[in-house]
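**Q** This is the structure I have questions about; it appears just below.
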Amino acid sequence: MGTKEKQARSLLDDLRRPEAYPAPRPSQVTQVTTHISWVFLTDRDVWKLKRPVDYGFVNYTTLERRRRCCEDEVRLNRRLAPDVYLGVVPVRLGPEGYGFGADGEIADYAVRMRRLADEHSAEALLRRGALTPDHLARLAGRLARFFDNTGSAPEAGAIKVIRDNVVENFVQVEPFVGRFVSPDTLDAVRAWQLGILARHADRFRGRVEQGRIRDGHGDLRLEHVYFEDAEPIVIDCVEFNERLRRGDVAADVAFLAMELTARSRADLADRFLATFAVESDDHDLYGVVDFYTGYRAWVRGKVAAFLAADSSTPPEKAARKAEEAQSLFTLARSYVQGRLGVLPVIAVGGLIGSGKSTLAEALGQAGGVPVVSSDRIRKVLAGIRATERAPEGAYSAAFSARTFDEVFRRAAVVLDSGRGVVLDATFRDRALRLRARDLARRRGRRFLFVETVCDEATLRERLRRREAGPSVSDAGEALLDRVRAEFEPVTELGVGEHVRVDTTGPREAAVRAVLAVLPV
């Protein structure tokens with residue numbers, strides 16, 4: 001055993017002792033080894049050291065690099081976990097060995113964190129069947145706000161940058177071909193990912209123009225997400241390589257979607273993406289998210305392969321990681337086939353206050369598909385927040401035409417990804433309803449127009465409540481008579497393409513009425 005290996009062994013042995021920690025001493029210390037870190041869990045805190053490894057995409061081989069990356073880890077992770085990352089502390093070599101005392105020469109650095117309860121992680125919740133769509137909806141909203149406020153990084157969205165990342169990813173897996181991944185799987189996934197970049201470069205350029213390239217998280221996994229009483233907490237972003245952290249927001253959320261899919265919960269993955277698309281006003285993510293989901297599966301397969309092949313990994317864990325790598329490489333290949341594209345187009349319309357938006361949202365949740373709302377788009381185009389009143393000009397004929405052009409453009413992006421979509425608008429014009437049906441027919445999808453109705457008293461009470469408080473829609477009671485007069489009777493649709501649903505009662509009853517006609 002060499003000198004560095006002996007020092008590392010001594011360091012790990014010493015830090016497993018409660019005496020190595022400041023008062024009050026922990027009752028016990030548990031060590032966890034990852035591919036890039038040594039983590040020591042105490043009663044209240046977590047102490048995380050960088051392993052002196054160089055995998056190409058991460059290099060912790062010098063003390064200065066490790067110190068700097070510890071500082072970056074604290075700074076960057078406080079964005080989504082502000083009260084978890086307590087600071088950077090030196091590891092000192094004193095008379096009694098390595099520890100976190102005040103005396104001795106600095107031998108290394110560690111990140112000190114507040115220890116989060118294991119049972120609150122998304123990983124633990126999923127394992128015991130307790131991770132719900134509500135958890136993921138809260139996370140989607142938190143992430144949407146985070147991406148709105150984090151730094152823009154347009155250079156990271158360049159096709160060359162993305163392609164270089166993809167190529168590097170495959171190069172780093174090549175040593176494991178024949179061991180953890182078959183040659184034909186590597187060839188198929190590589191050809192598909194590079195082909196997407198070549199054939200659909202306009203989609204990726206569009207993401208740059210839309211401002212969707214951000215300094216994000218880079219490692220959005222189930223085990224890094226926690227649900228306490230307040231907002232969701234997300235820890236352990238990629239601090240060691242900004243190239244792997246900065247990129248399309250779709251690449252970040254794709255990581256979590258991939259993990260859910262890998263755990264046989266594609267339903268939760270779809271719900272999470274659909275909610276994030278609405279919360280972030282980003283339906284264009286569907287043009288690239290499957291590419292990024294396959295990419296993330298390959299990344300995780302690569303990391304598992306590194307651990308499986310590492311001689312310091314305990315045999316039982318190495319065998320588990322080898323199986324995990326094989327499974328993830330297979331998952332990456334599954335995205336090559338694409339989705340079947342059989343889910344319908346559901347257009348939900350009706351008088352203002354008739355419950356169309358509430359029902360549209362519920363149908364989207366039931367089917368795990370995104371909702372494209374004309375009210376939200378109108379306000380985006382007007383440059384105002386969702387809860388503000390739209391200016392009068394936002395209801396002109398020209399502005400309405402622009403709004404619906406955007407509704408149908410976004411819906412087409414979603415459908416072309418192989419998913420279904422719910423459209424939320426009044427659809428008072430026959431021409432708009434026929435346009436929605438044509439959108440579905442051109443892609444071989446079934447179409448259903450759901451016309452929402454309710455009794456007059458309920459209708460007017462809803463509109464009065466809307467006027468009294470913040471709402472995505474700002475159409476109030478004063479507009480009711482006008483909208484009713486302009487609503488063209490539904491005579492243009494065929495059998496099975498139109499259903500009237502009473503929303504006066506519980507939302508669940510209205511959803512069941514739609515599903516009875518056309519399962520989502």
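All residue names refer to the structure tokens as shown: chains lettered A, B, ... in order, residues numbered from 1 in each chain, ligands numbered from 1 in order.
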Could you list, as JSON, numbers by chain, every residue within 8 Å of region 155-165 of chain A, counting only C-alpha atoms and ignoring same-chain residues fewer than 4 positions away?

**A** {"A": [169, 194, 197, 201, 204, 205, 207, 208, 213, 243, 246, 247, 248]}

**Q** For the residues selected in the previous step, produce a file with C-alpha atoms as an mmCIF file, in the first residue's frame.

**A**
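Below is the file that was written, out.cif:
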data_model
loop_
_atom_site.group_PDB
_atom_site.id
_atom_site.type_symbol
_atom_site.label_atom_id
_atom_site.label_comp_id
_atom_site.auth_asym_id
_atom_site.auth_seq_id
_atom_site.Cartn_x
_atom_site.Cartn_y
_atom_site.Cartn_z
ATOM 1 C CA ASN A 169 -20.421 10.625 -22.257
ATOM 2 C CA LEU A 194 -26.323 12.536 -32.184
ATOM 3 C CA LEU A 197 -28.961 17.013 -32.458
ATOM 4 C CA ALA A 201 -30.858 21.657 -34.189
ATOM 5 C CA PHE A 204 -32.112 23.464 -29.341
ATOM 6 C CA ARG A 205 -31.387 26.898 -30.810
ATOM 7 C CA ARG A 207 -34.334 26.968 -26.327
ATOM 8 C CA VAL A 208 -31.459 29.458 -26.240
ATOM 9 C CA ILE A 213 -30.506 27.791 -20.668
ATOM 10 C CA ARG A 243 -20.356 22.615 -17.847
ATOM 11 C CA ARG A 246 -25.347 24.762 -16.804
ATOM 12 C CA GLY A 247 -27.764 23.829 -19.522
ATOM 13 C CA ASP A 248 -31.369 23.541 -20.574
#

**Q** As JSON, numbers by chain, please: every residue in region 272-446 of chain A that a backbone DSSP assignment puts in alpha helix (DSSP H).

**A** {"A": [272, 273, 274, 275, 276, 277, 278, 279, 289, 290, 291, 292, 293, 294, 295, 296, 297, 298, 299, 300, 301, 302, 303, 304, 305, 306, 307, 308, 309, 315, 316, 317, 318, 319, 320, 321, 322, 323, 324, 325, 326, 327, 328, 329, 330, 331, 332, 333, 334, 356, 357, 358, 359, 360, 361, 362, 363, 364, 365, 366, 367, 374, 375, 376, 377, 378, 379, 380, 381, 382, 397, 398, 399, 400, 401, 402, 403, 404, 405, 406, 407, 408, 409, 410, 411, 412, 413, 414, 415, 416, 430, 431, 432, 433, 434, 435, 436, 437, 438, 439, 440, 441]}

**Q** Write out as a PDB file with C-alpha atoms, in the first residue's frame each polymer residue whose atoms come within 8 Å of region 277-290 of chain A, counting only C-alpha atoms; drop sequence neighbours fewer than 4 positions from it.

**A**
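Wrote it out as result10.pdb, contents follow:
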ATOM      1  CA  ALA A 140     -42.280  21.720  -9.993  1.00  0.00           C
ATOM      2  CA  GLY A 141     -43.393  25.119  -8.722  1.00  0.00           C
ATOM      3  CA  ALA A 144     -39.923  26.992 -11.927  1.00  0.00           C
ATOM      4  CA  ARG A 145     -39.258  29.901  -9.553  1.00  0.00           C
ATOM      5  CA  ARG A 203     -35.273  23.071 -31.380  1.00  0.00           C
ATOM      6  CA  PHE A 204     -32.112  23.464 -29.341  1.00  0.00           C
ATOM      7  CA  ARG A 207     -34.334  26.968 -26.327  1.00  0.00           C
ATOM      8  CA  ALA A 250     -35.412  20.553 -19.584  1.00  0.00           C
ATOM      9  CA  ALA A 251     -32.177  18.648 -18.939  1.00  0.00           C
ATOM     10  CA  ALA A 254     -35.477  15.237 -17.207  1.00  0.00           C
ATOM     11  CA  LEU A 273     -43.243  17.225 -16.385  1.00  0.00           C
ATOM     12  CA  GLY A 294     -32.214   9.349 -22.480  1.00  0.00           C
ATOM     13  CA  TYR A 335     -35.986   6.273 -25.701  1.00  0.00           C
ATOM     14  CA  PRO A 370     -49.885  19.161 -20.044  1.00  0.00           C
ATOM     15  CA  VAL A 371     -52.615  21.778 -20.223  1.00  0.00           C
ATOM     16  CA  VAL A 372     -52.232  24.634 -22.687  1.00  0.00           C
ATOM     17  CA  ARG A 410     -47.523  24.751 -28.197  1.00  0.00           C
ATOM     18  CA  ALA A 411     -50.044  21.953 -28.497  1.00  0.00           C
ATOM     19  CA  VAL A 413     -44.960  20.590 -29.864  1.00  0.00           C
ATOM     20  CA  VAL A 414     -46.501  18.435 -27.139  1.00  0.00           C
ATOM     21  CA  ASP A 416     -45.146  15.714 -31.716  1.00  0.00           C
ATOM     22  CA  SER A 417     -43.418  14.341 -28.609  1.00  0.00           C
TER      23      SER A 417
END

**Q** Show which residues sit within 12 Å of region 509-514 of chain A, as number ranges by chain. Count only C-alpha atoms, and ignore same-chain residues fewer than 4 positions away.

**A** A: 346-348, 354-356, 358-367, 448-454, 496-505, 518-520

**Q** Hey, can you spit out that residue selection with C-alpha atoms as an mmCIF file, in the first residue's frame?

**A**
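Listed below is the output, selection_2.cif:
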data_model
loop_
_atom_site.group_PDB
_atom_site.id
_atom_site.type_symbol
_atom_site.label_atom_id
_atom_site.label_comp_id
_atom_site.auth_asym_id
_atom_site.auth_seq_id
_atom_site.Cartn_x
_atom_site.Cartn_y
_atom_site.Cartn_z
ATOM 1 C CA ILE A 346 -59.081 17.254 -25.494
ATOM 2 C CA ALA A 347 -60.335 20.800 -25.957
ATOM 3 C CA VAL A 348 -62.218 22.114 -22.919
ATOM 4 C CA SER A 354 -68.498 27.495 -16.315
ATOM 5 C CA GLY A 355 -65.544 25.630 -14.791
ATOM 6 C CA LYS A 356 -63.584 24.923 -17.950
ATOM 7 C CA THR A 358 -60.777 23.703 -13.352
ATOM 8 C CA LEU A 359 -61.905 20.723 -15.407
ATOM 9 C CA ALA A 360 -59.028 21.123 -17.887
ATOM 10 C CA GLU A 361 -56.527 21.068 -15.022
ATOM 11 C CA ALA A 362 -58.164 17.974 -13.527
ATOM 12 C CA LEU A 363 -58.125 16.165 -16.870
ATOM 13 C CA GLY A 364 -54.468 17.017 -17.339
ATOM 14 C CA GLN A 365 -53.713 15.574 -13.908
ATOM 15 C CA ALA A 366 -55.757 12.447 -14.604
ATOM 16 C CA GLY A 367 -53.878 11.745 -17.812
ATOM 17 C CA LEU A 448 -62.993 15.495 -28.012
ATOM 18 C CA PHE A 449 -64.522 18.888 -27.340
ATOM 19 C CA VAL A 450 -65.744 19.096 -23.742
ATOM 20 C CA GLU A 451 -68.312 21.870 -23.315
ATOM 21 C CA THR A 452 -68.648 22.863 -19.653
ATOM 22 C CA VAL A 453 -71.998 24.043 -18.309
ATOM 23 C CA CYS A 454 -73.429 24.836 -14.878
ATOM 24 C CA GLY A 496 -68.229 11.121 -30.278
ATOM 25 C CA GLU A 497 -66.388 14.435 -30.714
ATOM 26 C CA HIS A 498 -68.506 16.559 -28.372
ATOM 27 C CA VAL A 499 -69.797 16.107 -24.823
ATOM 28 C CA ARG A 500 -71.524 18.576 -22.480
ATOM 29 C CA VAL A 501 -70.435 18.213 -18.853
ATOM 30 C CA ASP A 502 -72.131 19.791 -15.853
ATOM 31 C CA THR A 503 -69.539 21.232 -13.474
ATOM 32 C CA THR A 504 -71.983 22.407 -10.794
ATOM 33 C CA GLY A 505 -71.127 19.455 -8.582
ATOM 34 C CA LEU A 518 -62.987 9.137 -23.859
ATOM 35 C CA PRO A 519 -60.492 7.622 -21.398
ATOM 36 C CA VAL A 520 -57.447 9.815 -21.012
#

**Q** Run DSSP on the backbone and tell me which residues of region 328-357 of chain A come out as strand (DSSP E); list them as JSON, numbers by chain.

**A** {"A": [345, 346, 347, 348, 349, 350]}

**Q** Excluding region 77-83 of chain A and residues on its chain fewer than 4 positions from it, collect all residues at most 6 Å away from it, counting only C-alpha atoms, and give them as a ChimeraX atom specification.

**A** /A:73,233-234

**Q** Compile a residue-level contact table for region 278-352 of chain A against region 419-434 of chain A at a cut-off of 10 Å, reporting for every qualifying residue the shortest atom pair and its distance in Å to one decimal, with only C-alpha atoms counted, rows ordered by chain and ascending number, as a tab-separated table.

**A**
residue	atom	partner	partner_atom	distance
A:Tyr286	CA	A:Arg419	CA	8.8
A:Arg339	CA	A:Arg419	CA	7.4
A:Leu340	CA	A:Arg419	CA	8.4
A:Gly341	CA	A:Arg419	CA	5.7
A:Val342	CA	A:Gly420	CA	7.5
A:Leu343	CA	A:Gly420	CA	4.6
A:Pro344	CA	A:Gly420	CA	5.3
A:Val345	CA	A:Val421	CA	5.3
A:Ile346	CA	A:Val422	CA	4.8
A:Ala347	CA	A:Leu423	CA	4.6
A:Val348	CA	A:Asp424	CA	5.2
A:Gly349	CA	A:Thr426	CA	4.3
A:Gly350	CA	A:Thr426	CA	4.9
A:Leu351	CA	A:Thr426	CA	6.2
A:Ile352	CA	A:Thr426	CA	7.0

**Q** Would you work out the distance separating CA of Arg214 (chain A) from CA of Ser152 (chain A), expressed in Å to one decimal?

**A**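 Between these atoms lies a distance of 4.5 Å.
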
**Q** When distances are computed from only C-alpha atoms, which of A:Glu323, A:Glu19, A:Glu228, A:Glu64 shows the smallest separation from Ala117 (chain A)?

**A**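 Using only C-alpha atoms, the shortest distance to Ala117 (chain A) belongs to A:Glu228.
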
**Q** A:Ala262, A:Ala274, A:Val189, A:Val490: which is nearest Phe291 (chain A), counting only C-alpha atoms?

**A**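 Closest to Phe291 (chain A), using only C-alpha atoms: A:Val189.
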
**Q** Between A:Thr42, A:Ser311, A:Ser374, A:Ser37, which one has atoms that come closest to Met113 (chain A), using only C-alpha atoms?

**A**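 Closest to Met113 (chain A) of all the choices is A:Thr42.
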
**Q** State, in Å with one decimal place, the distance from CA of Leu328 (chain A) to CA of Gly301 (chain A).

**A**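 Distance between the two atoms: 5.0 Å.
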